[in-house]
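Have a look at entry.csv below; it lists CSV, C-alpha atoms and all ligand atoms.
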```
chain,number,residue,atom,x,y,z
P,1,MET,CA,0.0,0.0,0.0
P,2,ALA,CA,1.1,3.6,-0.7
P,3,PRO,CA,2.4,5.6,2.2
P,4,ILE,CA,-0.2,7.7,4.1
P,5,GLU,CA,0.1,11.4,3.4
P,6,LYS,CA,-3.3,12.9,4.2
P,7,ALA,CA,-4.7,14.0,7.6
P,8,VAL,CA,-8.2,15.3,8.6
P,9,VAL,CA,-8.6,17.5,11.6
P,10,PRO,CA,-12.2,18.0,12.7
P,11,VAL,CA,-12.6,21.4,14.5
P,12,ALA,CA,-16.3,22.2,13.8
P,13,GLY,CA,-17.8,21.4,17.2
P,14,LEU,CA,-19.5,24.1,19.3
P,15,GLY,CA,-17.4,23.5,22.5
P,16,THR,CA,-20.5,24.0,24.7
P,17,ARG,CA,-18.9,22.4,27.7
P,18,MET,CA,-16.4,25.1,27.8
P,19,LEU,CA,-18.7,28.2,27.7
P,20,PRO,CA,-18.1,31.1,28.2
P,21,ALA,CA,-14.5,30.6,27.1
P,22,THR,CA,-15.7,29.3,23.7
P,23,LYS,CA,-18.5,31.8,23.1
P,24,SER,CA,-16.6,33.7,20.4
P,25,GLN,CA,-13.4,31.7,20.0
P,26,PRO,CA,-12.7,28.1,19.0
P,27,LYS,CA,-12.0,25.6,21.7
P,28,GLU,CA,-9.1,24.4,19.6
P,29,MET,CA,-7.5,27.8,19.9
P,30,LEU,CA,-7.4,27.8,23.7
P,31,PRO,CA,-3.8,28.0,24.9
P,32,VAL,CA,-2.2,25.0,26.6
P,33,GLY,CA,1.0,26.4,28.1
P,34,ARG,CA,2.3,28.7,25.3
P,35,LYS,CA,0.5,27.3,22.2
P,36,PRO,CA,-3.1,26.8,21.1
P,37,VAL,CA,-4.3,23.2,21.3
P,38,VAL,CA,-4.5,22.8,17.5
P,39,GLN,CA,-0.9,23.8,17.0
P,40,TYR,CA,0.2,20.8,19.0
P,41,VAL,CA,-2.0,18.6,16.7
P,42,VAL,CA,-0.5,20.1,13.5
P,43,GLU,CA,3.1,19.8,14.9
P,44,GLU,CA,2.4,16.1,15.7
P,45,LEU,CA,1.2,15.5,12.1
P,46,ALA,CA,4.1,17.5,10.6
P,47,HIS,CA,6.6,15.4,12.7
P,48,GLN,CA,5.1,12.2,11.1
P,49,GLY,CA,5.5,13.6,7.6
P,50,LEU,CA,1.7,14.2,7.1
P,51,LYS,CA,1.9,17.4,5.0
P,52,ASP,CA,-1.7,17.6,3.5
P,53,VAL,CA,-4.1,18.6,6.2
P,54,LEU,CA,-7.8,19.2,5.8
P,55,PHE,CA,-9.6,21.1,8.6
P,56,VAL,CA,-13.3,20.3,8.9
P,57,THR,CA,-14.2,23.7,10.2
P,58,GLY,CA,-17.4,25.7,10.9
P,59,TRP,CA,-19.1,28.5,12.7
P,60,LYS,CA,-16.8,30.9,14.5
P,61,LYS,CA,-13.6,28.9,13.6
P,62,ARG,CA,-11.9,31.5,11.4
P,63,ALA,CA,-9.2,32.1,14.0
P,64,ILE,CA,-7.8,28.6,13.2
P,65,GLU,CA,-7.3,29.5,9.6
P,66,ASP,CA,-5.7,32.8,10.6
P,67,HIS,CA,-3.4,31.1,13.0
P,68,PHE,CA,-1.7,29.1,10.2
P,69,ASP,CA,-1.6,31.9,7.7
P,70,GLU,CA,1.7,33.8,7.1
P,71,SER,CA,1.7,37.2,8.8
P,72,PRO,CA,3.9,39.7,6.9
P,73,GLU,CA,3.0,42.6,9.3
P,74,LEU,CA,4.3,40.7,12.3
P,75,VAL,CA,7.4,39.6,10.4
P,76,GLU,CA,8.1,43.2,9.5
P,77,ARG,CA,7.6,44.4,13.0
P,78,LEU,CA,9.7,41.7,14.7
P,79,THR,CA,12.5,42.0,12.0
P,80,GLY,CA,12.5,45.8,12.6
P,81,LYS,CA,12.9,45.3,16.3
P,82,ARG,CA,15.5,42.5,15.8
P,83,GLN,CA,13.4,40.1,17.9
P,84,TRP,CA,14.9,36.9,16.3
P,85,ARG,CA,13.6,34.5,18.9
P,86,LEU,CA,10.0,35.6,18.4
P,87,LEU,CA,10.4,35.4,14.7
P,88,ASP,CA,11.3,31.7,15.2
P,89,VAL,CA,8.2,31.3,17.3
P,90,LEU,CA,6.1,32.9,14.6
P,91,ASN,CA,7.7,30.7,11.9
P,92,ASP,CA,6.9,27.5,13.9
P,93,ALA,CA,3.3,28.6,14.4
P,94,GLN,CA,2.8,28.9,10.7
P,95,ALA,CA,3.9,25.3,10.2
P,96,PRO,CA,6.1,25.8,7.1
P,97,GLY,CA,6.0,23.0,4.5
P,98,MET,CA,2.4,22.0,5.4
P,99,ASN,CA,-0.5,22.4,3.0
P,100,PHE,CA,-3.8,23.3,4.6
P,101,TYR,CA,-7.2,22.8,3.1
P,102,TYR,CA,-10.6,23.7,4.6
P,103,VAL,CA,-14.1,22.4,4.3
P,104,ARG,CA,-17.0,23.6,6.4
P,105,GLN,CA,-19.4,21.4,8.3
P,106,ARG,CA,-22.4,23.8,8.2
P,107,THR,CA,-24.1,22.2,11.1
P,108,PRO,CA,-22.1,20.2,13.7
P,109,ARG,CA,-23.9,16.8,13.3
P,110,GLY,CA,-21.3,14.8,15.2
P,111,LEU,CA,-17.7,13.6,14.6
P,112,GLY,CA,-18.8,10.9,12.1
P,113,ASP,CA,-20.5,13.6,10.0
P,114,ALA,CA,-17.5,15.8,10.3
P,115,VAL,CA,-15.2,13.0,8.9
P,116,ALA,CA,-17.7,12.4,6.1
P,117,HIS,CA,-16.9,15.9,4.8
P,118,ALA,CA,-13.4,14.7,4.0
P,119,ARG,CA,-14.6,12.3,1.2
P,120,ARG,CA,-13.5,14.4,-1.8
P,121,PHE,CA,-10.2,15.3,-0.2
P,122,VAL,CA,-9.4,11.7,0.6
P,123,GLY,CA,-10.4,10.0,-2.6
P,124,LYS,CA,-9.1,6.5,-2.7
P,125,ASP,CA,-6.3,7.1,-0.1
P,126,GLN,CA,-5.8,5.8,3.4
P,127,PHE,CA,-5.9,8.8,5.8
P,128,VAL,CA,-5.4,9.9,9.4
P,129,VAL,CA,-8.0,11.6,11.6
P,130,ALA,CA,-6.6,13.6,14.5
P,131,LEU,CA,-9.1,15.4,16.7
P,132,GLY,CA,-8.3,19.1,16.9
P,133,ASP,CA,-9.0,19.3,20.6
P,134,ALA,CA,-6.7,16.5,21.9
P,135,ILE,CA,-3.0,16.6,22.4
P,136,ILE,CA,-0.9,13.4,22.5
P,137,TYR,CA,2.1,14.0,24.7
P,138,GLY,CA,5.1,11.7,24.4
P,139,GLY,CA,8.2,13.8,25.4
P,140,ALA,CA,9.3,16.1,22.5
P,141,TYR,CA,7.0,14.3,20.1
P,142,SER,CA,5.0,11.0,20.3
P,143,ASP,CA,5.5,8.5,17.4
P,144,LEU,CA,2.0,7.1,18.1
P,145,LEU,CA,0.8,8.0,14.6
P,146,ARG,CA,3.8,6.4,13.0
P,147,ARG,CA,3.1,3.1,14.8
P,148,MET,CA,-0.6,3.3,13.9
P,149,MET,CA,0.2,3.9,10.2
P,150,ASP,CA,2.7,1.0,10.2
P,151,VAL,CA,0.1,-1.3,11.8
P,152,HIS,CA,-2.5,-0.1,9.3
P,153,LEU,CA,-0.3,-0.7,6.3
P,154,ARG,CA,0.9,-4.1,7.6
P,155,HIS,CA,-2.5,-5.6,8.6
P,156,GLY,CA,-4.7,-3.7,6.1
P,157,PRO,CA,-7.7,-3.2,8.3
P,158,ALA,CA,-10.6,-0.8,7.6
P,159,ALA,CA,-9.6,1.3,10.6
P,160,THR,CA,-6.8,1.6,13.1
P,161,VAL,CA,-7.8,3.3,16.4
P,162,ALA,CA,-5.5,4.7,19.1
P,163,VAL,CA,-6.5,3.5,22.6
P,164,GLU,CA,-5.3,4.5,26.1
P,165,ARG,CA,-5.3,2.3,29.2
P,166,LEU,CA,-7.4,4.2,31.7
P,167,GLU,CA,-9.1,3.4,35.1
P,168,GLY,CA,-12.3,4.1,36.9
P,169,GLU,CA,-14.5,7.1,36.1
P,170,GLU,CA,-12.1,8.4,33.4
P,171,LEU,CA,-12.8,5.3,31.3
P,172,GLY,CA,-16.5,6.1,31.2
P,173,MET,CA,-15.9,9.4,29.4
P,174,TYR,CA,-14.9,7.7,26.1
P,175,GLY,CA,-15.7,4.8,23.8
P,176,VAL,CA,-14.2,1.6,25.3
P,177,VAL,CA,-13.0,-1.2,23.1
P,178,LYS,CA,-13.5,-4.9,23.4
P,179,PRO,CA,-10.4,-6.8,22.1
P,180,SER,CA,-10.9,-10.0,20.1
P,181,GLU,CA,-7.3,-11.1,20.8
P,182,ASP,CA,-4.7,-10.8,23.5
P,183,PRO,CA,-4.1,-7.0,24.0
P,184,GLU,CA,-0.6,-7.3,25.3
P,185,GLY,CA,2.0,-6.4,22.7
P,186,GLY,CA,1.0,-2.9,21.6
P,187,ASP,CA,-1.7,-3.7,19.0
P,188,PHE,CA,-4.7,-6.0,18.7
P,189,ALA,CA,-7.9,-6.7,16.7
P,190,LEU,CA,-11.1,-5.2,18.0
P,191,ALA,CA,-14.5,-7.0,18.5
P,192,ASP,CA,-16.7,-4.1,19.6
P,193,ILE,CA,-16.8,-0.5,21.0
P,194,VAL,CA,-19.1,0.5,23.9
P,195,GLU,CA,-19.7,4.2,24.2
P,196,LYS,CA,-19.2,5.8,27.6
P,197,PRO,CA,-19.8,2.6,29.7
P,198,SER,CA,-20.3,2.4,33.4
P,199,PRO,CA,-17.3,0.8,35.3
P,200,GLU,CA,-19.1,-2.6,35.4
P,201,GLU,CA,-20.0,-2.5,31.7
P,202,ALA,CA,-16.5,-1.5,30.4
P,203,PRO,CA,-15.3,-4.5,28.3
P,204,SER,CA,-11.6,-3.6,28.8
P,205,PRO,CA,-9.4,-0.8,30.2
P,206,PHE,CA,-8.8,0.6,26.7
P,207,ALA,CA,-10.4,3.9,25.8
P,208,VAL,CA,-10.5,5.4,22.3
P,209,ALA,CA,-7.8,8.1,22.2
P,210,ALA,CA,-8.4,10.8,19.5
P,211,ARG,CA,-6.3,9.4,16.7
P,212,TYR,CA,-7.4,7.1,13.8
P,213,VAL,CA,-6.3,5.8,10.5
P,214,PHE,CA,-9.0,4.9,8.0
P,215,ASP,CA,-9.6,3.2,4.7
P,216,PRO,CA,-12.2,5.2,2.6
P,217,ILE,CA,-14.7,2.4,3.3
P,218,ILE,CA,-15.4,4.4,6.5
P,219,PHE,CA,-17.5,6.8,4.4
P,220,GLN,CA,-19.9,4.0,3.6
P,221,ALA,CA,-20.0,3.0,7.2
P,222,ILE,CA,-20.8,6.6,8.2
P,223,GLU,CA,-23.6,6.7,5.6
P,224,ARG,CA,-25.1,3.6,7.1
P,225,THR,CA,-24.9,4.8,10.7
P,226,PRO,CA,-28.1,6.2,12.1
P,227,GLN,CA,-28.1,9.6,13.8
P,228,VAL,CA,-28.6,9.7,17.6
P,229,HIS,CA,-29.9,13.0,18.9
P,230,GLY,CA,-29.1,14.5,15.5
P,231,GLU,CA,-25.5,13.4,15.5
P,232,VAL,CA,-23.5,10.6,13.8
P,233,GLY,CA,-20.8,9.4,16.2
P,234,LEU,CA,-17.4,8.2,15.0
P,235,SER,CA,-17.4,5.2,17.4
P,236,HIS,CA,-20.9,4.3,16.1
P,237,ALA,CA,-19.5,4.4,12.5
P,238,ILE,CA,-16.7,2.1,13.6
P,239,ARG,CA,-19.3,-0.3,15.0
P,240,THR,CA,-21.0,-0.2,11.7
P,241,LEU,CA,-17.7,-1.1,10.0
P,242,LEU,CA,-17.5,-4.2,12.3
P,243,LYS,CA,-21.0,-5.1,11.4
P,244,MET,CA,-20.1,-4.9,7.8
P,245,GLY,CA,-17.5,-7.5,8.5
P,246,ALA,CA,-14.5,-5.1,8.1
P,247,PRO,CA,-11.6,-5.6,10.4
P,248,VAL,CA,-10.5,-2.9,12.9
P,249,ARG,CA,-7.3,-2.8,14.9
P,250,CYS,CA,-6.2,-0.8,17.9
P,251,VAL,CA,-2.8,0.6,18.8
P,252,VAL,CA,-2.1,1.2,22.5
P,253,LEU,CA,-0.5,4.4,23.8
P,254,ARG,CA,2.8,3.6,25.5
P,255,PRO,CA,3.0,4.3,29.3
P,256,GLU,CA,5.1,7.4,28.7
P,257,GLU,CA,2.4,8.7,26.2
P,258,ARG,CA,-0.6,10.7,27.4
P,259,ARG,CA,-3.7,12.0,25.8
P,260,PHE,CA,-5.0,15.4,26.9
P,261,ASP,CA,-8.5,16.2,25.8
P,262,ILE,CA,-9.5,19.8,25.9
P,263,GLY,CA,-13.2,18.8,26.3
P,264,ASN,CA,-14.2,20.3,29.6
P,265,PHE,CA,-12.7,22.6,32.2
P,266,GLY,CA,-11.4,19.8,34.4
P,267,SER,CA,-9.3,18.2,31.6
P,268,TYR,CA,-8.3,21.7,30.3
P,269,PHE,CA,-7.0,22.8,33.6
P,270,LYS,CA,-4.9,19.6,34.0
P,271,ALA,CA,-3.5,20.0,30.4
P,272,PHE,CA,-2.6,23.6,30.9
P,273,LEU,CA,-0.8,22.9,34.2
P,274,PHE,CA,1.0,19.8,32.8
P,275,PHE,CA,2.5,21.9,30.0
P,276,ALA,CA,3.1,25.1,31.9
P,277,LEU,CA,4.9,23.2,34.6
P,278,ARG,CA,7.3,21.9,31.9
P,279,ASP,CA,7.9,25.4,30.5
P,280,PRO,CA,11.7,25.9,30.4
P,281,GLU,CA,11.4,29.6,31.4
P,282,TYR,CA,8.5,29.8,33.8
P,283,GLY,CA,8.1,26.1,34.9
P,284,PRO,CA,10.4,26.4,37.9
P,285,SER,CA,8.8,29.5,39.4
P,286,LEU,CA,5.3,28.0,38.7
P,287,ARG,CA,6.3,24.9,40.6
P,288,ASP,CA,7.3,27.1,43.6
P,289,PHE,CA,4.1,29.0,43.4
P,290,LEU,CA,2.0,25.9,43.3
P,291,ARG,CA,3.7,24.3,46.3
P,292,ARG,CA,2.9,27.4,48.3
P,293,GLU,CA,-0.7,27.6,47.0
P,294,VAL,CA,-1.4,23.9,47.6
P,295,GLY,CA,0.1,24.2,51.1
P,296,GLY,CA,-2.4,27.0,51.8
P,297,LEU,CA,-5.5,25.1,50.7
D,1,LIG,P1,-16.3,17.1,21.0
D,1,LIG,O1,-17.6,16.4,21.0
D,1,LIG,O2,-15.4,16.8,22.1
D,1,LIG,O3,-16.4,18.7,20.9
D,1,LIG,O4,-15.6,16.8,19.6
D,1,LIG,P2,-17.7,19.6,20.8
D,1,LIG,O5,-18.9,19.0,20.2
D,1,LIG,O6,-17.1,20.9,20.3
D,1,LIG,O7,-17.9,19.8,22.4
D,1,LIG,P3,-19.2,20.1,23.3
D,1,LIG,O8,-19.8,18.7,23.5
D,1,LIG,O9,-20.2,21.0,22.6
D,1,LIG,O10,-18.7,20.7,24.6
D,1,LIG,C1,-14.2,16.5,19.4
D,1,LIG,C2,-13.6,17.2,18.2
D,1,LIG,O11,-14.4,17.0,17.1
D,1,LIG,C3,-14.9,18.2,16.5
D,1,LIG,C4,-14.7,19.2,17.7
D,1,LIG,O12,-14.5,20.5,17.1
D,1,LIG,C5,-13.6,18.7,18.5
D,1,LIG,O13,-12.3,19.2,18.0
D,1,LIG,N1,-16.3,18.1,16.1
D,1,LIG,C6,-17.2,17.6,16.9
D,1,LIG,C7,-16.6,18.4,14.8
D,1,LIG,O14,-15.7,18.8,14.0
D,1,LIG,N2,-17.9,18.3,14.4
D,1,LIG,C8,-18.9,17.9,15.2
D,1,LIG,O15,-20.1,17.8,14.7
D,1,LIG,C9,-18.6,17.5,16.5
```

As structure tokens:
Amino acid sequence: MAPIEKAVVPVAGLGTRMLPATKSQPKEMLPVGRKPVVQYVVEELAHQGLKDVLFVTGWKKRAIEDHFDESPELVERLTGKRQWRLLDVLNDAQAPGMNFYYVRQRTPRGLGDAVAHARRFVGKDQFVVALGDAIIYGGAYSDLLRRMMDVHLRHGPAATVAVERLEGEELGMYGVVKPSEDPEGGDFALADIVEKPSPEEAPSPFAVAARYVFDPIIFQAIERTPQVHGEVGLSHAIRTLLKMGAPVRCVVLRPEERRFDIGNFGSYFKAFLFFALRDPEYGPSLRDFLRREVGGL
């Protein structure tokens, strides 16, 4: 199979759980440490050689397009002031070498529907989906996507899904997969997905983790997946794939890799602190500040 070169980043959701922060700005543009969430996602794609990126965008999401545009006014201003370090920061934010494309999901009808908007962009190619509100941390850069693409090309399933080992209540926030073979060893075949199970119902400790590789057959599965409360879920579409008899595999995040979802304020606060505490310039003083603050609580 040809190497995978295309990625789809859905960013069209309304971010209602993070109101009022998301009233007039995209959730995907909220800063985590120094960078907006979606910049981490694009850097992860760039690092794995995925240069053609389609954003599925929507209402009030223009700031994402602006963020990756070149900004001659800023370059001129920073050059005039000889602020070379900031020029580097600006250059990194513009993700040089990447090609960005945009399609609008006019009504946010769920993640499955968002992915369906990528049909023309994808054509007959295998492609990556990376959720625009989730960071995968793995030191400087995680090679999760590389492992997923390798597994996908080696086994040829209809979908390869990243999963993270979680415990307790956290597990119930996501789709949880039921393996059909021994899950030890980093990747395994999947028998089913249960959406947001109670702890007793969870078929394994493996929760779906915001990164996917798909064959274009996913578009047929999305078409055949009924809406629930006006939305087509991506986990439901993967279930449809399984019902169609198409194989699906999972790749497990390594213990040193972590997924940070910017879905609600609880997970956002944790993500911000995690990255801010590791900031080379301000991390040490933030750690002192936190020690004092936590001591006073
Ligand atoms: P979420 O379901 O976490 O985001 O989608 P949301 O719908 O914006 O959040 P709430 O529930 O209203 O608080 C995960 C990712 O998928 C995108 C979102 O923008 C987010 O990056 N998404 C979601 C779409 O592109 N379209 C949709 O219809 C739904």

d(atom CA of Pro20 of chain P, atom CA of Ser71 of chain P) in Å: 28.4 Å

Identify the residues around (-1.9, 24.6, 15.6) within a radius of 10 Å, measuring from all atoms listed in the file in the coordinates stated by the file, and give them as a VMD selection string. chain P and resid 28 to 29 35 to 44 64 to 65 67 to 68 92 to 95 132

Excluding Pro3 of chain P and residues on its chain fewer than 6 positions from it, collect all residues at most 12 Å away from it, counting all atoms listed in the file, and give them as a PyMOL selection string. chain P and resi 48-50+125-128+146+149-150+152-154

List as CSV every residue of chain P that is in contact with ligand LIG 1 (chain D), defined as an atom at most 6 Å from one of its atoms (using only C-alpha atoms and all ligand atoms), together with the nearest atom pair and the distance in Å rounded to one decimal, sorted by chain and then rising number.
```
residue,atom,partner,partner_atom,distance
P:Pro10,CA,D:LIG1,O14,3.8
P:Val11,CA,D:LIG1,O12,3.3
P:Ala12,CA,D:LIG1,O14,3.5
P:Gly13,CA,D:LIG1,O6,3.2
P:Leu14,CA,D:LIG1,O6,4.1
P:Gly15,CA,D:LIG1,O6,3.4
P:Thr16,CA,D:LIG1,O9,3.7
P:Arg17,CA,D:LIG1,O10,3.5
P:Met18,CA,D:LIG1,O10,5.9
P:Val56,CA,D:LIG1,O14,5.8
P:Pro108,CA,D:LIG1,O15,3.3
P:Arg109,CA,D:LIG1,O15,4.2
P:Gly110,CA,D:LIG1,O15,3.3
P:Leu111,CA,D:LIG1,C9,4.4
P:Ala114,CA,D:LIG1,N2,4.8
P:Leu131,CA,D:LIG1,C2,5.1
P:Gly132,CA,D:LIG1,O13,4.1
P:Asp133,CA,D:LIG1,O13,4.2
P:Gly263,CA,D:LIG1,O2,5.1
```

Restricting it to C-alpha atoms, dump the selection as a PDB file, keeping the file's coordinate frame.
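Output file again.pdb is given in full below:
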```pdb
ATOM      1  CA  PRO P  10     -12.200  18.000  12.700  1.00  0.00           C
ATOM      2  CA  VAL P  11     -12.600  21.400  14.500  1.00  0.00           C
ATOM      3  CA  ALA P  12     -16.300  22.200  13.800  1.00  0.00           C
ATOM      4  CA  GLY P  13     -17.800  21.400  17.200  1.00  0.00           C
ATOM      5  CA  LEU P  14     -19.500  24.100  19.300  1.00  0.00           C
ATOM      6  CA  GLY P  15     -17.400  23.500  22.500  1.00  0.00           C
ATOM      7  CA  THR P  16     -20.500  24.000  24.700  1.00  0.00           C
ATOM      8  CA  ARG P  17     -18.900  22.400  27.700  1.00  0.00           C
ATOM      9  CA  MET P  18     -16.400  25.100  27.800  1.00  0.00           C
ATOM     10  CA  VAL P  56     -13.300  20.300   8.900  1.00  0.00           C
ATOM     11  CA  PRO P 108     -22.100  20.200  13.700  1.00  0.00           C
ATOM     12  CA  ARG P 109     -23.900  16.800  13.300  1.00  0.00           C
ATOM     13  CA  GLY P 110     -21.300  14.800  15.200  1.00  0.00           C
ATOM     14  CA  LEU P 111     -17.700  13.600  14.600  1.00  0.00           C
ATOM     15  CA  ALA P 114     -17.500  15.800  10.300  1.00  0.00           C
ATOM     16  CA  LEU P 131      -9.100  15.400  16.700  1.00  0.00           C
ATOM     17  CA  GLY P 132      -8.300  19.100  16.900  1.00  0.00           C
ATOM     18  CA  ASP P 133      -9.000  19.300  20.600  1.00  0.00           C
ATOM     19  CA  GLY P 263     -13.200  18.800  26.300  1.00  0.00           C
TER      20      GLY P 263
END
```

I want to know what sits within 8 Å of Val232 of chain P, based on all atoms listed in the file, with residues of the same chain fewer than 4 positions away left out; could you give that as a ChimeraX atom specification? /P:109-113,222,225-228,236-237

Using only C-alpha atoms, please write the residues we just selected to a file, as a JSON list (two decimals), keeping the file's coordinate frame.
```json
[["chain", "number", "residue", "atom", "x", "y", "z"],
["P", 109, "ARG", "CA", -23.90, 16.80, 13.30],
["P", 110, "GLY", "CA", -21.30, 14.80, 15.20],
["P", 111, "LEU", "CA", -17.70, 13.60, 14.60],
["P", 112, "GLY", "CA", -18.80, 10.90, 12.10],
["P", 113, "ASP", "CA", -20.50, 13.60, 10.00],
["P", 222, "ILE", "CA", -20.80, 6.60, 8.20],
["P", 225, "THR", "CA", -24.90, 4.80, 10.70],
["P", 226, "PRO", "CA", -28.10, 6.20, 12.10],
["P", 227, "GLN", "CA", -28.10, 9.60, 13.80],
["P", 228, "VAL", "CA", -28.60, 9.70, 17.60],
["P", 236, "HIS", "CA", -20.90, 4.30, 16.10],
["P", 237, "ALA", "CA", -19.50, 4.40, 12.50]]
```

How many Å separate atom CA of Lys51 of chain P from atom CA of Glu164 of chain P?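 Distance reported for this atom pair: 25.8 Å.
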
Mind giving me the straight-line distance from atom CA of Glu181 of chain P to atom CA of Phe206 of chain P in Å, one decimal?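 Between these atoms lies a distance of 13.2 Å.
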
Which of these residues is nearest to Phe260 of chain P, using all atoms listed in the file: P:Gly138, P:Gly295, P:Pro26, P:Pro199? P:Gly138

Compare P:Phe219, P:Tyr137, P:Phe272, P:Tyr102 by their minimum atom-to-atom distance to Leu286 of chain P, counting only C-alpha atoms, and give me the closest one.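 Checking each candidate against Leu286 of chain P, we get P:Phe272 as the closest.
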
Need to verify the contact set: segment 183-185 of chain P, 10 Å, all atoms listed in the file, exclusion of same-chain residues closer than 2 positions in sequence. Can you return it as a ChimeraX atom specification? /P:178-181,187-190,204,206,250-252

So that I can see what lies close to Val161 of chain P, please list as a list in words the residues with an atom at most 7 Å from it, counting only C-alpha atoms and leaving out residues fewer than 6 positions away in the same chain. Val208, Arg211, Tyr212, Val213, Arg249, Cys250 and Val251 of chain P

Could you check which of P:Asp261, P:Asp66, P:Gln25, P:Ala134 is closest to Phe100 of chain P, using all atoms listed in the file?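 Answer, going by the shortest atom-to-atom distance: P:Asp66.
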
N, CA, C and O atoms restored at segment 109-123 of chain P, emitted as a JSON list (two decimals), in the coordinates of the input:
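New file selection33.json:
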```json
[["chain", "number", "residue", "atom", "x", "y", "z"],
["P", 109, "ARG", "N", -23.01, 18.03, 13.18],
["P", 109, "ARG", "CA", -23.90, 16.80, 13.30],
["P", 109, "ARG", "C", -23.03, 15.65, 13.81],
["P", 109, "ARG", "O", -23.26, 14.53, 13.37],
["P", 110, "GLY", "N", -22.03, 15.91, 14.62],
["P", 110, "GLY", "CA", -21.30, 14.80, 15.20],
["P", 110, "GLY", "C", -19.97, 14.55, 14.43],
["P", 110, "GLY", "O", -19.78, 14.96, 13.29],
["P", 111, "LEU", "N", -19.07, 13.83, 15.12],
["P", 111, "LEU", "CA", -17.70, 13.60, 14.60],
["P", 111, "LEU", "C", -17.76, 12.72, 13.34],
["P", 111, "LEU", "O", -16.97, 12.94, 12.41],
["P", 112, "GLY", "N", -18.66, 11.74, 13.29],
["P", 112, "GLY", "CA", -18.80, 10.90, 12.10],
["P", 112, "GLY", "C", -19.15, 11.76, 10.90],
["P", 112, "GLY", "O", -18.55, 11.66, 9.82],
["P", 113, "ASP", "N", -20.11, 12.66, 11.09],
["P", 113, "ASP", "CA", -20.50, 13.60, 10.00],
["P", 113, "ASP", "C", -19.38, 14.49, 9.60],
["P", 113, "ASP", "O", -19.19, 14.76, 8.41],
["P", 114, "ALA", "N", -18.61, 14.95, 10.58],
["P", 114, "ALA", "CA", -17.50, 15.80, 10.30],
["P", 114, "ALA", "C", -16.47, 15.06, 9.36],
["P", 114, "ALA", "O", -16.01, 15.59, 8.34],
["P", 115, "VAL", "N", -16.17, 13.81, 9.71],
["P", 115, "VAL", "CA", -15.20, 13.00, 8.90],
["P", 115, "VAL", "C", -15.79, 12.79, 7.50],
["P", 115, "VAL", "O", -15.04, 12.83, 6.51],
["P", 116, "ALA", "N", -17.12, 12.63, 7.38],
["P", 116, "ALA", "CA", -17.70, 12.40, 6.10],
["P", 116, "ALA", "C", -17.44, 13.59, 5.12],
["P", 116, "ALA", "O", -17.38, 13.40, 3.90],
["P", 117, "HIS", "N", -17.23, 14.77, 5.67],
["P", 117, "HIS", "CA", -16.90, 15.90, 4.80],
["P", 117, "HIS", "C", -15.55, 15.85, 4.15],
["P", 117, "HIS", "O", -15.22, 16.69, 3.31],
["P", 118, "ALA", "N", -14.75, 14.87, 4.53],
["P", 118, "ALA", "CA", -13.40, 14.70, 4.00],
["P", 118, "ALA", "C", -13.40, 13.83, 2.72],
["P", 118, "ALA", "O", -12.33, 13.58, 2.14],
["P", 119, "ARG", "N", -14.55, 13.35, 2.29],
["P", 119, "ARG", "CA", -14.60, 12.30, 1.20],
["P", 119, "ARG", "C", -13.89, 12.72, -0.04],
["P", 119, "ARG", "O", -13.09, 11.96, -0.57],
["P", 120, "ARG", "N", -14.16, 13.93, -0.53],
["P", 120, "ARG", "CA", -13.50, 14.40, -1.80],
["P", 120, "ARG", "C", -12.03, 14.55, -1.62],
["P", 120, "ARG", "O", -11.23, 14.22, -2.50],
["P", 121, "PHE", "N", -11.62, 15.10, -0.49],
["P", 121, "PHE", "CA", -10.20, 15.30, -0.20],
["P", 121, "PHE", "C", -9.43, 14.00, -0.16],
["P", 121, "PHE", "O", -8.33, 13.88, -0.67],
["P", 122, "VAL", "N", -10.07, 12.99, 0.41],
["P", 122, "VAL", "CA", -9.40, 11.70, 0.60],
["P", 122, "VAL", "C", -9.32, 10.86, -0.64],
["P", 122, "VAL", "O", -8.31, 10.21, -0.89],
["P", 123, "GLY", "N", -10.41, 10.89, -1.44],
["P", 123, "GLY", "CA", -10.40, 10.00, -2.60],
["P", 123, "GLY", "C", -10.29, 8.58, -2.28],
["P", 123, "GLY", "O", -11.00, 8.08, -1.42]]
```
